[in-house]
file coords_39.pdb (PDB, C-alpha atoms)
ATOM      1  CA  MET A  21      85.536 146.947  89.983
ATOM      2  CA  CYS A  22      84.914 143.716  88.078
ATOM      3  CA  GLU A  23      81.809 141.839  89.208
ATOM      4  CA  ASP A  24      82.584 138.670  87.193
ATOM      5  CA  ARG A  25      85.402 137.822  89.555
ATOM      6  CA  GLN A  26      84.949 134.558  91.489
ATOM      7  CA  PRO A  27      85.145 134.804  95.281
ATOM      8  CA  ARG A  28      88.322 133.286  96.672
ATOM      9  CA  ARG A  29      87.897 129.862  98.162
ATOM     10  CA  LYS A  30      88.446 129.755 101.917
ATOM     11  CA  ARG A  31      91.760 128.158 102.840
ATOM     12  CA  ASP A  32      91.295 124.837 104.573
ATOM     13  CA  PRO A  33      94.530 122.856 104.918
ATOM     14  CA  THR A  34      92.754 119.732 106.185
ATOM     15  CA  ALA A  35      90.307 119.697 103.262
ATOM     16  CA  THR A  36      93.128 120.331 100.790
ATOM     17  CA  ARG A  37      95.239 117.512 102.230
ATOM     18  CA  THR A  38      92.237 115.150 102.190
ATOM     19  CA  ALA A  39      91.425 116.078  98.581
ATOM     20  CA  LEU A  40      95.031 115.410  97.548
ATOM     21  CA  LEU A  41      95.087 112.026  99.315
ATOM     22  CA  ARG A  42      91.781 111.008  97.713
ATOM     23  CA  ALA A  43      92.870 112.134  94.237
ATOM     24  CA  ALA A  44      96.256 110.418  94.589
ATOM     25  CA  GLY A  45      94.647 107.172  95.780
ATOM     26  CA  GLU A  46      92.306 107.163  92.786
ATOM     27  CA  LEU A  47      95.052 107.931  90.280
ATOM     28  CA  PHE A  48      97.519 105.441  91.739
ATOM     29  CA  ALA A  49      94.747 102.846  91.495
ATOM     30  CA  GLU A  50      93.953 103.712  87.890
ATOM     31  CA  ARG A  51      97.502 104.099  86.577
ATOM     32  CA  GLY A  52      99.979 102.855  89.152
ATOM     33  CA  PHE A  53     102.741 104.900  90.748
ATOM     34  CA  ASP A  54     104.957 105.407  87.714
ATOM     35  CA  GLN A  55     102.218 106.626  85.355
ATOM     36  CA  THR A  56     100.662 109.079  87.836
ATOM     37  CA  THR A  57     101.950 112.648  87.748
ATOM     38  CA  VAL A  58     101.769 115.232  90.507
ATOM     39  CA  ARG A  59     100.142 117.607  88.033
ATOM     40  CA  GLU A  60      97.288 115.119  87.499
ATOM     41  CA  VAL A  61      96.861 114.608  91.242
ATOM     42  CA  ALA A  62      96.647 118.366  91.848
ATOM     43  CA  ALA A  63      94.224 118.824  88.936
ATOM     44  CA  ARG A  64      91.928 116.059  90.181
ATOM     45  CA  ALA A  65      92.025 117.517  93.702
ATOM     46  CA  GLU A  66      91.333 120.959  92.175
ATOM     47  CA  VAL A  67      94.265 122.575  93.956
ATOM     48  CA  ASN A  68      97.501 124.225  92.941
ATOM     49  CA  GLN A  69     100.333 121.742  92.348
ATOM     50  CA  ALA A  70     102.537 123.682  94.788
ATOM     51  CA  LEU A  71     100.206 122.636  97.614
ATOM     52  CA  LEU A  72     100.986 118.969  96.938
ATOM     53  CA  PHE A  73     104.659 119.683  97.544
ATOM     54  CA  ARG A  74     103.868 121.827 100.607
ATOM     55  CA  TYR A  75     101.858 119.061 102.278
ATOM     56  CA  PHE A  76     103.729 115.961 101.085
ATOM     57  CA  GLY A  77     107.128 117.034  99.754
ATOM     58  CA  SER A  78     107.282 114.601  96.829
ATOM     59  CA  LYS A  79     105.333 112.038  94.867
ATOM     60  CA  GLN A  80     107.025 109.254  96.852
ATOM     61  CA  GLU A  81     105.998 110.803 100.151
ATOM     62  CA  LEU A  82     102.447 111.242  98.836
ATOM     63  CA  PHE A  83     102.367 107.559  97.822
ATOM     64  CA  ALA A  84     103.686 106.572 101.268
ATOM     65  CA  GLU A  85     100.972 108.682 102.913
ATOM     66  CA  VAL A  86      98.254 107.067 100.770
ATOM     67  CA  LEU A  87      99.599 103.634 101.771
ATOM     68  CA  SER A  88      99.774 104.554 105.426
ATOM     69  CA  HIS A  89      96.324 106.168 105.481
ATOM     70  CA  ASN A  90      94.671 103.182 103.824
ATOM     71  CA  SER A  91      96.600 100.663 105.928
ATOM     72  CA  GLU A  92      95.574 102.349 109.152
ATOM     73  CA  ALA A  93      91.936 102.404 108.072
ATOM     74  CA  LEU A  94      92.032  98.687 107.253
ATOM     75  CA  LEU A  95      93.923  97.739 110.415
ATOM     76  CA  ARG A  96      91.512  99.637 112.670
ATOM     77  CA  SER A  97      88.247  98.698 110.976
ATOM     78  CA  GLY A  98      87.546  95.651 113.146
ATOM     79  CA  PRO A  99      88.907  93.061 115.573
ATOM     80  CA  ALA A 100      92.464  91.828 115.045
ATOM     81  CA  ALA A 101      91.259  88.238 114.628
ATOM     82  CA  GLU A 102      89.301  89.296 111.526
ATOM     83  CA  LEU A 103      92.268  91.089 109.925
ATOM     84  CA  PRO A 104      93.220  88.266 107.519
ATOM     85  CA  ARG A 105      89.686  88.264 106.088
ATOM     86  CA  ARG A 106      89.633  92.074 105.823
ATOM     87  CA  ILE A 107      92.986  92.133 104.009
ATOM     88  CA  LEU A 108      91.906  89.403 101.604
ATOM     89  CA  GLU A 109      88.543  91.039 100.905
ATOM     90  CA  SER A 110      90.345  94.314 100.329
ATOM     91  CA  VAL A 111      92.791  92.717  97.887
ATOM     92  CA  LEU A 112      89.901  91.090  96.018
ATOM     93  CA  SER A 113      87.796  94.239  95.977
ATOM     94  CA  GLU A 114      88.728  95.983  92.763
ATOM     95  CA  HIS A 115      86.446  98.936  93.405
ATOM     96  CA  THR A 116      85.674 101.063  96.420
ATOM     97  CA  ARG A 117      82.194 102.284  97.263
ATOM     98  CA  SER A 118      82.858 105.424  95.200
ATOM     99  CA  GLY A 119      83.533 103.292  92.111
ATOM    100  CA  ALA A 120      87.249 104.048  91.979
ATOM    101  CA  GLU A 121      89.622 101.145  91.703
ATOM    102  CA  HIS A 122      90.744  99.965  95.114
ATOM    103  CA  THR A 123      94.054 101.221  96.467
ATOM    104  CA  LEU A 124      95.435  97.722  97.049
ATOM    105  CA  VAL A 125      94.990  97.049  93.345
ATOM    106  CA  ALA A 126      96.940 100.263  92.772
ATOM    107  CA  LEU A 127      99.699  98.897  94.925
ATOM    108  CA  LEU A 128      99.865  95.748  92.863
ATOM    109  CA  ARG A 129     100.049  97.857  89.698
ATOM    110  CA  SER A 130     102.893  99.882  91.216
ATOM    111  CA  LEU A 131     105.239  97.028  92.058
ATOM    112  CA  SER A 132     107.281  97.533  88.900
ATOM    113  CA  ASP A 133     108.520 100.898  90.188
ATOM    114  CA  GLU A 134     111.421 100.282  92.581
ATOM    115  CA  ARG A 135     110.635 103.311  94.777
ATOM    116  CA  ALA A 136     106.969 102.356  95.069
ATOM    117  CA  ALA A 137     107.852  98.708  95.741
ATOM    118  CA  THR A 138     110.184  99.780  98.562
ATOM    119  CA  LEU A 139     107.453 101.927 100.116
ATOM    120  CA  LEU A 140     104.981  99.089  99.750
ATOM    121  CA  ARG A 141     107.355  96.554 101.293
ATOM    122  CA  ASP A 142     108.071  98.884 104.215
ATOM    123  CA  GLU A 143     104.370  99.527 104.814
ATOM    124  CA  LEU A 144     103.398  95.866 104.553
ATOM    125  CA  GLY A 145     106.361  94.777 106.619
ATOM    126  CA  GLY A 146     105.671  97.371 109.245
ATOM    127  CA  SER A 147     101.952  97.231 109.789
ATOM    128  CA  TYR A 148     100.246  94.250 108.162
ATOM    129  CA  SER A 149     102.932  91.663 108.910
ATOM    130  CA  GLU A 150     103.358  92.828 112.469
ATOM    131  CA  ARG A 151      99.627  92.678 113.172
ATOM    132  CA  LEU A 152      99.204  89.291 111.472
ATOM    133  CA  ALA A 153     102.189  87.901 113.372
ATOM    134  CA  SER A 154     100.500  88.884 116.622
ATOM    135  CA  LEU A 155      97.669  86.456 115.815
ATOM    136  CA  THR A 156      99.896  83.410 116.338
ATOM    137  CA  ASP A 157     102.168  82.334 119.155
ATOM    138  CA  ALA A 158     104.296  80.202 116.847
ATOM    139  CA  PRO A 159     108.056  80.836 117.129
ATOM    140  CA  ASP A 160     108.181  81.693 113.415
ATOM    141  CA  ALA A 161     105.220  84.107 113.574
ATOM    142  CA  GLU A 162     106.824  86.686 111.240
ATOM    143  CA  LEU A 163     107.409  84.071 108.543
ATOM    144  CA  ARG A 164     103.831  82.842 108.849
ATOM    145  CA  ALA A 165     102.491  86.399 108.576
ATOM    146  CA  ASP A 166     104.610  87.008 105.480
ATOM    147  CA  LEU A 167     103.338  83.767 103.918
ATOM    148  CA  VAL A 168      99.728  84.871 104.431
ATOM    149  CA  LEU A 169     100.440  88.270 102.884
ATOM    150  CA  ALA A 170     102.374  86.752  99.980
ATOM    151  CA  TRP A 171      99.510  84.381  99.310
ATOM    152  CA  PHE A 172      96.868  87.122  99.403
ATOM    153  CA  PHE A 173      98.837  89.548  97.254
ATOM    154  CA  GLY A 174      99.796  86.786  94.830
ATOM    155  CA  VAL A 175      96.113  85.998  94.401
ATOM    156  CA  GLY A 176      95.447  89.730  93.937
ATOM    157  CA  MET A 177      98.164  90.005  91.303
ATOM    158  CA  MET A 178      96.933  86.958  89.374
ATOM    159  CA  ARG A 179      93.320  88.136  89.557
ATOM    160  CA  SER A 180      93.458  91.920  89.140
ATOM    161  CA  VAL A 181      96.639  92.661  87.244
ATOM    162  CA  LEU A 182      97.330  89.533  85.157
ATOM    163  CA  ARG A 183      93.593  88.701  84.829
ATOM    164  CA  LYS A 184      94.326  84.952  84.854
ATOM    165  CA  SER A 185      91.300  82.713  84.234
ATOM    166  CA  PRO A 186      89.499  81.153  86.038
ATOM    167  CA  LEU A 187      90.718  83.182  89.039
ATOM    168  CA  ALA A 188      89.817  86.528  87.439
ATOM    169  CA  GLU A 189      86.199  85.441  86.953
ATOM    170  CA  ALA A 190      85.772  83.659  90.289
ATOM    171  CA  SER A 191      83.471  85.159  92.870
ATOM    172  CA  PRO A 192      85.367  86.973  95.648
ATOM    173  CA  GLU A 193      83.204  85.099  98.163
ATOM    174  CA  VAL A 194      84.368  81.733  96.816
ATOM    175  CA  ILE A 195      88.018  82.778  96.929
ATOM    176  CA  VAL A 196      87.650  84.102 100.478
ATOM    177  CA  ASP A 197      85.939  80.883 101.535
ATOM    178  CA  TYR A 198      88.734  78.683 100.176
ATOM    179  CA  LEU A 199      91.628  80.750 101.480
ATOM    180  CA  MET A 200      90.149  81.432 104.899
ATOM    181  CA  ARG A 201      89.908  77.674 105.505
ATOM    182  CA  ALA A 202      93.704  77.445 105.325
ATOM    183  CA  VAL A 203      94.752  80.699 107.036
ATOM    184  CA  PRO A 204      94.100  79.365 110.570
ATOM    185  CA  LEU A 205      96.682  76.640 109.927
ATOM    186  CA  LEU A 206      99.352  79.299 109.416
ATOM    187  CA  LEU A 207      98.156  81.634 112.158
ATOM    188  CA  GLU A 208      97.379  79.000 114.757
ATOM    189  CA  ARG A 209      97.583  79.836 118.413
ATOM    190  CA  ASN A 210      98.586  77.130 120.879
ATOM    191  CA  ALA A 211      98.131  79.163 124.042
ATOM    192  CA  PRO A 212      94.768  80.844 124.811
ATOM    193  CA  ALA A 213      94.513  84.198 123.006
ATOM    194  CA  ASP A 214      94.401  87.461 124.937
ATOM    195  CA  ASP A 215      91.134  89.329 124.551
ATOM    196  CA  GLU A 216      91.508  91.815 121.719
TER     197      GLU A 216
END
call {"tool": "encode", "arguments": {"input": "coords_39.pdb", "output": "structure tokens"}}
result
Amino acid sequence: MCEDRQPRRKRDPTATRTALLRAAGELFAERGFDQTTVREVAARAEVNQALLFRYFGSKQELFAEVLSHNSEALLRSGPAAELPRRILESVLSEHTRSGAEHTLVALLRSLSDERAATLLRDELGGSYSERLASLTDAPDAELRADLVLAWFFGVGMMRSVLRKSPLAEASPEVIVDYLMRAVPLLLERNAPADDE
């Protein structure tokens, strides 16, 4: 009997799935969708690559799950009326508390991949746009929501991916202050708002 043998790690599907999502989010942020491999995700999560396929099916489905997970967290992290500020702060935040590059920056880096861009468009169109559109009673609420998102993500692209000066060096607080002055014009509500 060999005593040098490591004890087998207890199987925990929830922990494995969480580790894969965290590793994928970090790698997508660092490298974008196209440059991230499933082998690297599994290695960072310290699990067998086959488990990635068992839980997510494919790299595209893993990317979609990372998008969905992070979108839900952002959408539920406060009152609906504060969502535009939360989205903008998230786009401007290049690093999470753990020090890893923020997932929304990863999304911006992944736009060149057609599959990733489709997933991103579907996620943004489905959750962010819908929630932002609910903040206005204007007849063209969906257009207004899309304009806010386009503006925020355009700023994120110019700042984080293209590193355009002076935007890249500007304080996130200053950018938020300027943009949040104009957002109420797009998301105005003429009738009294329902309590959120």
call {"tool": "closest_residue", "arguments": {"input": "coords_39.pdb", "among": "A:Ala62, A:Val111, A:Leu94, A:Asp157", "to": "Gly174 in chain A", "atoms": "only C-alpha atoms"}}
result
A:Val111
call {"tool": "closest_residue", "arguments": {"input": "coords_39.pdb", "among": "A:Arg151, A:Glu85, A:Val67, A:Leu169", "to": "Pro99 in chain A", "atoms": "only C-alpha atoms"}}
result
A:Arg151
call {"tool": "atom_distance", "arguments": {"input": "coords_39.pdb", "atom1": "CA of Ala170 in chain A", "atom2": "CA of Thr57 in chain A"}}
result
28.6 Å
call {"tool": "atom_distance", "arguments": {"input": "coords_39.pdb", "atom1": "CA of Met177 in chain A", "atom2": "CA of Thr38 in chain A"}}
result
28.0 Å
call {"tool": "residues_near_point", "arguments": {"input": "coords_39.pdb", "point": "(105.3, 79.7, 117.0)", "cutoff": "10 Å", "atoms": "all atoms listed in the file", "output": "PDB file with C-alpha atoms, in the frame of the given file"}}
result
ATOM      1  CA  ALA A 153     102.189  87.901 113.372  1.00  0.00           C
ATOM      2  CA  THR A 156      99.896  83.410 116.338  1.00  0.00           C
ATOM      3  CA  ASP A 157     102.168  82.334 119.155  1.00  0.00           C
ATOM      4  CA  ALA A 158     104.296  80.202 116.847  1.00  0.00           C
ATOM      5  CA  PRO A 159     108.056  80.836 117.129  1.00  0.00           C
ATOM      6  CA  ASP A 160     108.181  81.693 113.415  1.00  0.00           C
ATOM      7  CA  ALA A 161     105.220  84.107 113.574  1.00  0.00           C
ATOM      8  CA  GLU A 162     106.824  86.686 111.240  1.00  0.00           C
ATOM      9  CA  LEU A 163     107.409  84.071 108.543  1.00  0.00           C
ATOM     10  CA  ARG A 164     103.831  82.842 108.849  1.00  0.00           C
ATOM     11  CA  LEU A 206      99.352  79.299 109.416  1.00  0.00           C
ATOM     12  CA  LEU A 207      98.156  81.634 112.158  1.00  0.00           C
ATOM     13  CA  GLU A 208      97.379  79.000 114.757  1.00  0.00           C
ATOM     14  CA  ARG A 209      97.583  79.836 118.413  1.00  0.00           C
ATOM     15  CA  ASN A 210      98.586  77.130 120.879  1.00  0.00           C
TER      16      ASN A 210
END
call {"tool": "residues_around", "arguments": {"input": "coords_39.pdb", "residues": "Asn68 in chain A", "least_positions_apart": "6", "cutoff": "10 Å", "atoms": "all atoms listed in the file", "output": "PyMOL selection string"}}
result
chain A and resi 36+59+61-62
